[in-house]
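Shown below: coords.cif, with mmCIF, C-alpha atoms.
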```cif
data_coords
loop_
_atom_site.label_atom_id
_atom_site.label_comp_id
_atom_site.auth_asym_id
_atom_site.auth_seq_id
_atom_site.Cartn_x
_atom_site.Cartn_y
_atom_site.Cartn_z
CA MET S 1 45.36 69.63 47.87
CA SER S 2 45.94 71.41 44.56
CA SER S 3 45.85 68.10 42.64
CA ARG S 4 42.48 67.26 44.26
CA LYS S 5 41.18 70.70 43.29
CA SER S 6 42.34 70.32 39.68
CA LYS S 7 40.68 66.89 39.55
CA SER S 8 37.33 68.33 40.70
CA ASN S 9 37.71 71.19 38.18
CA SER S 10 38.32 68.74 35.35
CA LEU S 11 35.25 66.73 36.44
CA ILE S 12 33.11 69.89 36.35
CA HIS S 13 34.63 70.70 32.94
CA THR S 14 33.77 67.21 31.64
CA GLU S 15 30.18 67.47 32.91
CA CYS S 16 29.79 70.90 31.25
CA LEU S 17 31.15 69.56 27.96
CA SER S 18 28.82 66.54 27.96
CA GLN S 19 25.87 68.94 28.47
CA VAL S 20 27.17 71.20 25.67
CA GLN S 21 27.50 68.18 23.34
CA ARG S 22 23.95 67.01 24.18
CA ILE S 23 22.33 70.46 23.72
CA LEU S 24 24.11 71.25 20.45
CA ARG S 25 23.68 67.77 18.95
CA GLU S 26 19.93 67.90 19.62
CA ARG S 27 19.87 71.28 17.91
CA PHE S 28 21.92 70.11 14.90
CA CYS S 29 19.76 66.99 14.47
CA ARG S 30 16.62 69.19 14.53
CA GLN S 31 15.36 67.37 17.64
CA SER S 32 15.36 70.42 19.87
CA PRO S 33 11.92 72.12 20.06
CA HIS S 34 13.61 75.41 21.00
CA SER S 35 15.59 75.85 17.75
CA ASN S 36 14.93 79.12 15.95
CA LEU S 37 13.44 79.65 12.50
CA PHE S 38 15.64 81.57 10.06
CA GLY S 39 14.33 83.69 7.20
CA VAL S 40 10.88 82.03 7.07
CA GLN S 41 8.89 84.24 9.47
CA VAL S 42 6.34 85.26 6.78
CA GLN S 43 5.73 81.64 5.75
CA TYR S 44 5.50 80.60 9.41
CA LYS S 45 2.84 83.26 10.11
CA HIS S 46 0.81 82.14 7.08
CA LEU S 47 0.93 78.43 8.08
CA SER S 48 0.24 79.16 11.75
CA GLU S 49 -2.88 81.21 10.92
CA LEU S 50 -4.14 78.51 8.57
CA LEU S 51 -3.78 75.81 11.27
CA LYS S 52 -5.49 78.01 13.88
CA ARG S 53 -8.45 78.56 11.55
CA THR S 54 -8.86 74.78 11.29
CA ALA S 55 -8.29 74.07 15.00
CA LEU S 56 -10.29 76.94 16.51
CA HIS S 57 -12.94 77.81 13.90
CA GLY S 58 -13.52 74.43 12.23
CA GLU S 59 -12.45 75.69 8.79
CA SER S 60 -11.06 73.01 6.45
CA ASN S 61 -7.90 73.90 4.54
CA SER S 62 -5.26 72.40 2.26
CA VAL S 63 -1.76 73.72 1.56
CA LEU S 64 1.51 72.61 -0.02
CA ILE S 65 4.88 73.55 1.51
CA ILE S 66 7.42 73.50 -1.33
CA GLY S 67 11.19 73.89 -1.03
CA PRO S 68 14.50 72.10 -1.68
CA ARG S 69 15.77 69.44 0.72
CA GLY S 70 17.19 70.97 3.90
CA SER S 71 15.27 74.25 3.50
CA GLY S 72 13.35 73.73 6.77
CA LYS S 73 9.92 72.41 5.65
CA THR S 74 9.65 69.84 8.46
CA MET S 75 11.02 72.30 11.02
CA LEU S 76 8.43 74.89 9.92
CA ILE S 77 5.47 72.52 10.35
CA ASN S 78 6.83 71.17 13.65
CA HIS S 79 7.15 74.71 15.04
CA ALA S 80 3.64 75.63 13.88
CA LEU S 81 2.15 72.44 15.43
CA LYS S 82 4.06 72.99 18.69
CA GLU S 83 2.71 76.53 19.00
CA LEU S 84 -0.80 75.30 18.14
CA MET S 85 -0.71 72.53 20.76
CA GLU S 86 0.23 75.05 23.48
CA ILE S 87 -3.31 76.50 23.20
CA GLU S 88 -5.29 74.63 25.87
CA GLU S 89 -8.57 74.18 23.98
CA VAL S 90 -6.67 72.90 20.93
CA SER S 91 -4.40 70.37 22.65
CA GLU S 92 -7.41 68.42 23.96
CA ASN S 93 -9.37 68.33 20.68
CA VAL S 94 -7.09 68.36 17.63
CA LEU S 95 -5.94 65.03 16.15
CA GLN S 96 -2.76 64.71 14.09
CA VAL S 97 -2.00 62.15 11.38
CA HIS S 98 1.57 61.99 10.05
CA LEU S 99 2.15 60.09 6.80
CA ASN S 100 5.31 59.72 4.71
CA GLY S 101 5.36 58.79 1.03
CA LEU S 102 8.52 56.72 1.57
CA LEU S 103 6.81 54.54 4.20
CA GLN S 104 3.18 54.47 3.05
CA ILE S 105 3.91 53.29 -0.47
CA ASN S 106 0.27 52.64 -1.42
CA ASP S 107 -3.18 53.78 -0.30
CA LYS S 108 -3.95 50.56 1.57
CA ILE S 109 -0.90 50.95 3.86
CA ALA S 110 -1.69 54.67 4.24
CA LEU S 111 -5.28 53.91 5.33
CA LYS S 112 -4.12 51.35 7.89
CA GLU S 113 -1.71 53.95 9.28
CA ILE S 114 -4.48 56.59 9.45
CA THR S 115 -6.81 54.22 11.33
CA ARG S 116 -3.95 53.35 13.70
CA GLN S 117 -3.06 56.98 14.41
CA LEU S 118 -6.74 57.93 14.91
CA ASN S 119 -7.13 54.94 17.30
CA LEU S 120 -9.95 53.45 15.21
CA GLU S 121 -8.62 49.87 14.92
CA ASN S 122 -10.95 48.40 17.50
CA VAL S 123 -14.05 50.53 16.87
CA VAL S 124 -15.79 47.85 14.80
CA GLY S 125 -13.76 44.77 15.64
CA ASP S 126 -11.92 43.35 12.64
CA LYS S 127 -13.94 45.25 10.07
CA VAL S 128 -11.40 48.05 9.82
CA PHE S 129 -8.81 45.55 8.64
CA GLY S 130 -11.06 44.07 5.96
CA SER S 131 -10.73 44.96 2.30
CA PHE S 132 -9.35 48.26 1.03
CA ALA S 133 -12.86 49.38 0.02
CA GLU S 134 -14.25 48.65 3.53
CA ASN S 135 -11.31 50.45 5.11
CA LEU S 136 -11.86 53.52 2.95
CA SER S 137 -15.65 53.60 3.33
CA PHE S 138 -15.38 53.25 7.13
CA LEU S 139 -12.83 56.06 7.38
CA LEU S 140 -14.79 58.37 5.09
CA GLU S 141 -17.99 57.64 6.98
CA ALA S 142 -16.25 58.46 10.27
CA LEU S 143 -14.97 61.76 8.85
CA LYS S 144 -18.18 62.71 6.99
CA LYS S 145 -20.47 62.13 9.96
CA GLY S 146 -18.97 65.13 11.73
CA ASP S 147 -19.73 68.80 11.28
CA ARG S 148 -17.83 72.04 11.81
CA THR S 149 -19.05 72.68 15.35
CA SER S 150 -18.99 69.34 17.16
CA SER S 151 -16.18 67.29 15.51
CA CYS S 152 -12.51 67.13 16.46
CA PRO S 153 -10.41 68.80 13.75
CA VAL S 154 -7.91 66.43 12.11
CA ILE S 155 -4.57 67.68 10.72
CA PHE S 156 -3.03 65.45 8.03
CA ILE S 157 0.71 66.00 7.38
CA LEU S 158 1.85 64.24 4.19
CA ASP S 159 5.65 64.23 3.93
CA GLU S 160 7.11 63.42 0.46
CA PHE S 161 3.72 64.47 -0.94
CA ASP S 162 4.80 63.88 -4.57
CA LEU S 163 5.08 60.13 -3.88
CA PHE S 164 1.38 60.00 -2.87
CA ALA S 165 0.58 61.41 -6.33
CA HIS S 166 2.02 58.20 -7.84
CA HIS S 167 -0.51 56.00 -5.98
CA LYS S 168 -3.12 54.29 -8.16
CA ASN S 169 -5.95 56.72 -9.10
CA GLN S 170 -4.74 59.08 -6.32
CA THR S 171 -7.70 57.76 -4.25
CA LEU S 172 -6.36 58.90 -0.88
CA LEU S 173 -5.54 62.44 -2.07
CA TYR S 174 -8.90 62.74 -3.85
CA ASN S 175 -10.87 61.80 -0.74
CA LEU S 176 -8.82 63.96 1.66
CA PHE S 177 -9.16 67.03 -0.59
CA ASP S 178 -12.84 66.24 -1.15
CA ILE S 179 -13.52 66.29 2.61
CA SER S 180 -11.48 69.50 2.99
CA GLN S 181 -13.82 71.16 0.42
CA SER S 182 -17.04 70.11 2.19
CA ALA S 183 -18.73 71.19 5.44
CA GLN S 184 -17.96 67.93 7.22
CA THR S 185 -15.28 67.11 9.81
CA PRO S 186 -12.82 70.04 9.73
CA ILE S 187 -9.51 68.80 8.34
CA ALA S 188 -6.26 70.46 7.25
CA VAL S 189 -4.21 68.63 4.60
CA ILE S 190 -0.58 69.80 4.58
CA GLY S 191 1.74 68.39 1.92
CA LEU S 192 5.53 68.72 2.08
CA THR S 193 7.45 68.31 -1.17
CA CYS S 194 10.62 69.43 -2.95
CA ARG S 195 9.07 69.29 -6.44
CA LEU S 196 8.08 72.61 -8.02
CA ASP S 197 5.96 70.82 -10.65
CA ILE S 198 3.85 69.04 -8.03
CA LEU S 199 0.51 70.37 -9.35
CA GLU S 200 1.27 68.82 -12.76
CA LEU S 201 1.36 65.39 -11.08
CA LEU S 202 -2.19 65.71 -9.70
CA GLU S 203 -5.17 64.34 -11.64
CA LYS S 204 -7.76 66.87 -12.81
CA ARG S 205 -10.37 65.76 -10.25
CA VAL S 206 -7.79 65.99 -7.41
CA LYS S 207 -6.46 69.37 -8.59
CA SER S 208 -9.99 70.84 -8.73
CA ARG S 209 -10.51 69.98 -5.03
CA PHE S 210 -7.16 71.41 -3.88
CA SER S 211 -7.19 74.99 -2.56
CA HIS S 212 -4.03 75.86 -4.59
CA ARG S 213 -2.41 77.44 -1.51
CA GLN S 214 1.36 77.09 -1.71
CA ILE S 215 4.08 78.14 0.73
CA HIS S 216 7.56 78.34 -0.82
CA LEU S 217 10.79 78.02 1.19
CA MET S 218 13.79 79.04 -0.89
CA ASN S 219 16.60 79.86 1.61
CA SER S 220 16.59 83.51 0.54
CA PHE S 221 19.02 84.81 3.19
CA GLY S 222 22.45 86.33 2.37
CA PHE S 223 25.92 85.59 3.77
CA PRO S 224 25.72 88.03 6.78
CA GLN S 225 22.52 86.24 7.87
CA TYR S 226 24.29 82.88 7.34
CA VAL S 227 27.10 83.95 9.73
CA LYS S 228 24.44 85.08 12.23
CA ILE S 229 22.78 81.63 11.98
CA PHE S 230 26.23 80.03 12.55
CA LYS S 231 26.59 82.07 15.78
CA GLU S 232 23.07 81.31 17.01
CA GLN S 233 23.41 77.59 16.30
CA LEU S 234 26.67 77.31 18.27
CA SER S 235 25.73 79.61 21.17
CA LEU S 236 24.60 78.13 24.49
CA PRO S 237 21.20 79.16 25.91
CA ALA S 238 20.89 81.58 28.87
CA GLU S 239 19.49 78.79 31.08
CA PHE S 240 22.71 76.70 30.80
CA PRO S 241 23.60 75.55 34.39
CA ASP S 242 27.23 76.75 34.45
CA LYS S 243 26.94 80.49 33.65
CA VAL S 244 30.72 81.12 33.67
CA PHE S 245 31.44 78.32 31.18
CA ALA S 246 28.49 79.38 28.96
CA GLU S 247 29.81 82.95 28.88
CA LYS S 248 33.31 81.77 27.87
CA TRP S 249 31.86 79.42 25.23
CA ASN S 250 29.68 82.18 23.71
CA GLU S 251 32.62 84.63 23.70
CA ASN S 252 34.66 82.02 21.81
CA VAL S 253 31.80 81.57 19.29
CA GLN S 254 31.68 85.35 18.77
CA TYR S 255 35.47 85.36 18.20
CA LEU S 256 35.15 82.46 15.72
CA SER S 257 32.44 84.25 13.72
CA GLU S 258 34.82 87.21 13.23
CA ASP S 259 37.86 85.06 12.34
CA ARG S 260 38.90 85.42 8.68
CA SER S 261 39.70 81.71 8.12
CA VAL S 262 36.32 80.68 9.63
CA GLN S 263 34.53 83.18 7.39
CA GLU S 264 36.31 81.66 4.37
CA VAL S 265 35.10 78.18 5.40
CA LEU S 266 31.54 79.48 5.86
CA GLN S 267 31.65 81.37 2.54
CA LYS S 268 32.70 78.15 0.75
CA HIS S 269 29.81 76.23 2.36
CA PHE S 270 27.39 79.06 1.61
CA ASN S 271 28.42 79.08 -2.07
CA ILE S 272 27.97 75.31 -2.39
CA SER S 273 24.68 75.01 -0.49
CA LYS S 274 22.67 77.48 1.56
CA ASN S 275 20.68 74.77 3.32
CA LEU S 276 21.12 74.54 7.08
CA ARG S 277 21.53 70.77 6.98
CA SER S 278 25.02 71.10 5.46
CA LEU S 279 25.89 73.80 8.04
CA HIS S 280 24.72 71.48 10.83
CA MET S 281 26.89 68.67 9.43
CA LEU S 282 29.93 71.00 9.45
CA LEU S 283 29.24 72.09 13.05
CA MET S 284 28.60 68.49 14.17
CA LEU S 285 32.00 67.35 12.82
CA ALA S 286 33.73 70.33 14.47
CA LEU S 287 31.90 69.66 17.77
CA ASN S 288 33.23 66.06 17.78
CA ARG S 289 36.74 67.50 18.27
CA VAL S 290 35.81 69.25 21.53
CA THR S 291 37.18 67.29 24.53
CA ALA S 292 38.13 67.96 28.17
CA SER S 293 41.70 68.75 27.10
CA HIS S 294 40.44 70.88 24.18
CA PRO S 295 37.26 72.47 25.63
CA PHE S 296 36.62 75.23 23.06
CA MET S 297 36.12 75.01 19.32
CA THR S 298 38.87 76.56 17.18
CA ALA S 299 39.20 77.73 13.58
CA VAL S 300 41.40 74.67 12.85
CA ASP S 301 38.54 72.35 13.99
CA LEU S 302 36.17 74.03 11.53
CA MET S 303 38.71 73.90 8.69
CA GLU S 304 39.34 70.17 9.24
CA ALA S 305 35.57 69.55 9.50
CA SER S 306 35.13 71.41 6.19
CA GLN S 307 37.74 69.16 4.54
CA LEU S 308 35.84 66.09 5.79
CA CYS S 309 32.55 67.50 4.42
CA SER S 310 34.01 68.15 0.98
CA MET S 311 36.00 64.92 0.79
CA ASP S 312 35.77 63.11 -2.55
CA SER S 313 34.61 59.55 -1.88
CA LYS S 314 35.79 58.24 -5.27
CA ALA S 315 39.29 59.71 -4.78
CA ASN S 316 39.37 58.02 -1.35
CA ILE S 317 38.68 54.64 -3.00
CA VAL S 318 41.68 55.22 -5.32
CA HIS S 319 43.95 55.59 -2.25
CA GLY S 320 43.27 51.93 -1.38
CA LEU S 321 43.95 50.44 -4.81
CA SER S 322 46.96 48.29 -5.73
CA VAL S 323 49.71 49.66 -8.01
CA LEU S 324 48.41 47.43 -10.85
CA GLU S 325 44.90 48.89 -10.52
CA ILE S 326 46.36 52.43 -10.45
CA CYS S 327 48.26 51.62 -13.66
CA LEU S 328 45.03 50.42 -15.33
CA ILE S 329 43.25 53.65 -14.36
CA ILE S 330 46.13 55.71 -15.83
CA ALA S 331 45.96 53.59 -19.01
CA MET S 332 42.20 54.32 -19.23
CA LYS S 333 42.84 58.03 -18.78
CA HIS S 334 45.45 57.86 -21.52
CA LEU S 335 42.87 56.24 -23.85
CA ASN S 336 40.28 58.89 -22.91
CA ASP S 337 42.73 61.65 -23.85
CA ILE S 338 43.63 60.01 -27.17
CA TYR S 339 40.08 59.05 -28.22
CA GLU S 340 38.30 62.05 -26.62
CA GLU S 341 36.24 60.24 -23.96
CA GLU S 342 35.17 57.41 -26.28
CA PRO S 343 34.43 54.11 -24.46
CA PHE S 344 37.20 51.50 -24.23
CA ASN S 345 37.46 47.76 -23.58
CA PHE S 346 39.80 45.58 -21.51
CA GLN S 347 41.96 44.63 -24.49
CA MET S 348 42.70 48.30 -25.28
CA VAL S 349 43.60 49.01 -21.64
CA TYR S 350 45.79 45.87 -21.48
CA ASN S 351 47.68 46.90 -24.65
CA GLU S 352 48.28 50.38 -23.22
CA PHE S 353 49.54 48.85 -19.97
CA GLN S 354 51.87 46.50 -21.91
CA LYS S 355 53.43 49.49 -23.74
CA PHE S 356 54.19 51.10 -20.38
CA VAL S 357 55.66 47.86 -18.95
CA GLN S 358 57.94 47.43 -21.97
CA ARG S 359 59.23 51.00 -21.57
CA LYS S 360 59.78 50.63 -17.80
CA ALA S 361 60.53 46.91 -17.48
CA HIS S 362 63.10 47.52 -14.72
CA SER S 363 60.59 49.11 -12.29
CA VAL S 364 57.15 47.60 -13.04
CA TYR S 365 56.37 43.88 -12.79
CA ASN S 366 54.72 42.40 -15.90
CA PHE S 367 51.58 40.68 -14.60
CA GLU S 368 49.91 37.78 -16.40
CA LYS S 369 46.80 38.66 -18.43
CA PRO S 370 44.30 36.80 -16.11
CA VAL S 371 45.70 38.75 -13.13
CA VAL S 372 45.25 42.06 -14.99
CA MET S 373 41.69 40.94 -15.91
CA LYS S 374 40.96 40.29 -12.23
CA ALA S 375 42.19 43.80 -11.33
CA PHE S 376 40.01 45.25 -14.13
CA GLU S 377 36.94 43.42 -12.74
CA HIS S 378 37.73 44.71 -9.26
CA LEU S 379 37.63 48.29 -10.59
CA GLN S 380 34.19 47.50 -12.01
CA GLN S 381 33.01 46.16 -8.65
CA LEU S 382 34.19 49.38 -6.98
CA GLU S 383 32.14 51.31 -9.60
CA LEU S 384 35.17 53.26 -10.82
CA ILE S 385 34.32 51.97 -14.30
CA LYS S 386 30.96 50.91 -15.66
CA PRO S 387 29.83 48.93 -18.72
CA MET S 388 28.15 50.95 -21.49
CA GLU S 389 25.51 48.28 -22.07
CA ARG S 390 24.14 45.23 -20.29
CA THR S 391 26.30 42.12 -20.73
CA SER S 392 24.92 39.11 -22.55
CA GLY S 393 26.04 35.60 -21.61
CA ASN S 394 27.92 34.88 -24.83
CA SER S 395 29.81 38.19 -25.17
CA GLN S 396 33.56 38.19 -24.57
CA ARG S 397 34.51 40.13 -21.43
CA GLU S 398 37.71 41.50 -22.98
CA TYR S 399 35.76 43.38 -25.66
CA GLN S 400 32.92 44.77 -23.57
CA LEU S 401 32.84 48.59 -23.82
CA MET S 402 33.48 50.49 -20.57
CA LYS S 403 33.46 54.07 -19.33
CA LEU S 404 35.71 55.57 -16.62
CA LEU S 405 33.86 57.37 -13.79
CA LEU S 406 36.85 59.44 -12.60
CA ASP S 407 38.08 62.70 -14.09
CA ASN S 408 41.70 63.84 -14.52
CA THR S 409 41.75 66.07 -11.44
CA GLN S 410 40.51 63.28 -9.16
CA ILE S 411 43.22 60.92 -10.45
CA MET S 412 46.03 63.46 -10.00
CA ASN S 413 44.86 64.40 -6.47
CA ALA S 414 44.61 60.73 -5.51
CA LEU S 415 48.11 59.97 -6.90
CA GLN S 416 49.65 62.83 -4.90
CA LYS S 417 48.29 61.30 -1.69
CA TYR S 418 48.91 57.66 -2.71
CA PRO S 419 51.42 56.08 -0.28
CA ASN S 420 54.68 54.75 -1.84
CA CYS S 421 53.56 55.27 -5.42
CA PRO S 422 56.40 54.29 -7.83
CA THR S 423 58.01 57.35 -9.44
CA ASP S 424 57.68 55.85 -12.94
CA VAL S 425 53.92 55.36 -12.47
CA ARG S 426 53.53 58.96 -11.27
CA GLN S 427 55.56 60.23 -14.24
CA TRP S 428 53.47 58.14 -16.64
CA ALA S 429 50.31 59.70 -15.17
CA THR S 430 51.75 63.21 -15.58
CA SER S 431 52.79 62.52 -19.18
CA SER S 432 49.35 61.20 -20.07
CA LEU S 433 47.76 64.25 -18.41
CA SER S 434 50.28 66.79 -19.65
CA TRP S 435 47.52 69.23 -20.66
CA LEU S 436 46.47 69.72 -16.99
#
```
If you took the structure in this file and wrote it as C-alpha cells, what would it be?
Amino acid sequence: MSSRKSKSNSLIHTECLSQVQRILRERFCRQSPHSNLFGVQVQYKHLSELLKRTALHGESNSVLIIGPRGSGKTMLINHALKELMEIEEVSENVLQVHLNGLLQINDKIALKEITRQLNLENVVGDKVFGSFAENLSFLLEALKKGDRTSSCPVIFILDEFDLFAHHKNQTLLYNLFDISQSAQTPIAVIGLTCRLDILELLEKRVKSRFSHRQIHLMNSFGFPQYVKIFKEQLSLPAEFPDKVFAEKWNENVQYLSEDRSVQEVLQKHFNISKNLRSLHMLLMLALNRVTASHPFMTAVDLMEASQLCSMDSKANIVHGLSVLEICLIIAMKHLNDIYEEEPFNFQMVYNEFQKFVQRKAHSVYNFEKPVVMKAFEHLQQLELIKPMERTSGNSQREYQLMKLLLDNTQIMNALQKYPNCPTDVRQWATSSLSWL
C-alpha cells in the first residue's frame, strides 16, 4: 500500500516539475506575456501614452527605443502593445506591421512584407507584386488616402532599425516618417536599435521628418534590485495548481536569494553584465538540473551553471588537442615571450620544438616535419592561430607569418585540466611562462 502511495506521490511530483519547467522556461525565453518589467516603468509609461495617442486620437508619432542588447527593448514594446490591444475599440481597428532589419535586407523585401502583413496582396490582383516603384506608390496611395478620423491607425515596429538606415537612399524610412508628419493615415513608427549614434546614420531629409523622440534603456538598477529580479524570475505564480508545492518552491527561492554563495554568483554576473538575458541563461542552466529526485534548486546548481556560463570556449578546444599540438602551442608561447608578441612562422615554431625534443629525447617522440606541419595546419583550422596576411599561391607555407589567439592564462588553465599530459611538457610550459 505504501509503495503504491509513494508511486502516486512521485507522479504528482513529476507533473508539478514539468509545469514548473514549462512556466519558468517560457519566462526565461521572454515568451510569457505575464513577465514583469524591471526598472523601465518611466519609459514604459512614455511609450504606452504615445501608442494610445496614435490608436485612440489618430495622432501620428515616431520614436526610437535605444539600449544595449538584452536591455529589454523588445519586451518593452511587446508589453505596451499587449496593454494597448486589451482596449476593445483599439483591438478591432489598429493594424501592426513588424519588420526586422536582419530579415528585410532591402526596401523591396520590406515593402512586400508590409503589403503581406496589411493583407493588401490581392487588392489589385498582381499589381502589388509589380516593380518596386509600383509597390511603393500603391502602398503610399493606400496610406495617404486616409485621414485622422476614419482610417485605421497603423503601428510600424522596425527592429534593428540601424540596418534600415543602410538601405539605398533610405526610401522606406523617408516615406514612413513623411506620412507620420502629415495629416493622413495615423501611423506610429517605432524603431528599436542598440546604436547610440543612430541619428548620425540618417540622411538630412529623413532626419528632418523624424520627431527626435528617443527612449533610452540603460539597465540602471543596482545589485539589490538585481537580487529582487532573480527572486521574481524564479518564483512561481499564485495561480500555480499545486499550492503546497508552489509554497515550498518559493520558500526555497527566498532561501537561495539570502545564501552567501548564491549572492557571490549573482554579484559576479552583475559585474560582468547587467542585462537580464545573461541572468536568464544562468537560471535556465540551473533549472535543467531540477529532476524528480532533485526537485528543488540548490546553491550548487547555480554555481555549476555559472561555471558553464563563463566557460572559455578556446580553452575547451585545447583540451581536445594531441600532445604534439600542445607542444606547438607552448613553442609559440615561448616565441611570443622572447620576441614580445611579434608574429612567428612555422619554421620558427618547428626549430623551438626541435630544441625541446633534443633536451627531452627520452620522453617526447620526434615527429617528422610533414607531420608537425599537418598539426600546425590543424591549429589554424581550429582558429587558435591566424595568418597575419592573406596567402598568395606562390608563398611558402613554412614562412607565412602567424599570430597566436590564446593568452598565457588560457594555456596554463587548459594544461592543468589536460588529461595525461606528459610531465616534461607541463614543465616546459611552466619554464616558458615563468613570469606568470
Since I can't run it myself right now, could you work out what the PyMOL selection byres ((chain S and resi 89) around 12) selects here and report it as a PyMOL selection string?
chain S and resi 52+55-57+84-88+90-94+152-153
Given all atoms listed in the file as the basis, pick out the residue of S:Arg53, S:Lys168, S:His319, S:Lys268 nearest to Leu202 in chain S.
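Closest residue, counting all atoms listed in the file: S:Lys168.
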Would you tabulate, counting all atoms listed in the file, all residues of range 312-397 of chain S that have an atom at most 7 Å from an atom of range 403-407 of chain S, showing the closest pair of atoms and their distance in Å to one decimal, sorted by chain then ascending number, as CSV?
```
residue,atom,partner,partner_atom,distance
S:Pro343,CA,S:Lys403,CA,5.2
S:Phe344,CA,S:Lys403,CA,6.7
S:Leu384,CA,S:Leu405,CA,5.2
S:Ile385,CA,S:Leu404,CA,4.5
S:Lys386,CA,S:Lys403,CA,5.5
S:Pro387,CA,S:Lys403,CA,6.3
S:Met388,CA,S:Lys403,CA,6.5
```
Selected residues, C-alpha atoms, written as a compact mmCIF listing (two decimals), keeping the file's coordinate frame, please.
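This went into result.txt:
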```txt
# COMPACT_ATOMS: atom_id res chain seq x y z
CA PRO S 343 34.43 54.11 -24.46
CA PHE S 344 37.20 51.50 -24.23
CA LEU S 384 35.17 53.26 -10.82
CA ILE S 385 34.32 51.97 -14.30
CA LYS S 386 30.96 50.91 -15.66
CA PRO S 387 29.83 48.93 -18.72
CA MET S 388 28.15 50.95 -21.49
```
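Across S:Thr185, S:Ser180, S:Ser62, S:Ser313, the tightest approach to Leu47 in chain S is made by S:Ser62 when counting all atoms listed in the file.
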Enter the distance from CA of His98 in chain S to CA of Leu158 in chain S, in Å, rounded to one decimal.
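Straight-line distance from CA of His98 in chain S to CA of Leu158 in chain S works out to 6.3 Å.
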Near range 366-373 of chain S, within 12 Å and counting only C-alpha atoms, which residues show up once chain neighbours fewer than 2 positions away are dropped, as JSON, numbers by chain?
{"S": [322, 323, 324, 325, 326, 327, 328, 329, 345, 346, 347, 348, 349, 350, 351, 353, 354, 355, 356, 357, 358, 359, 360, 361, 362, 363, 364, 375, 376, 377, 378, 379, 380, 397, 398, 399]}
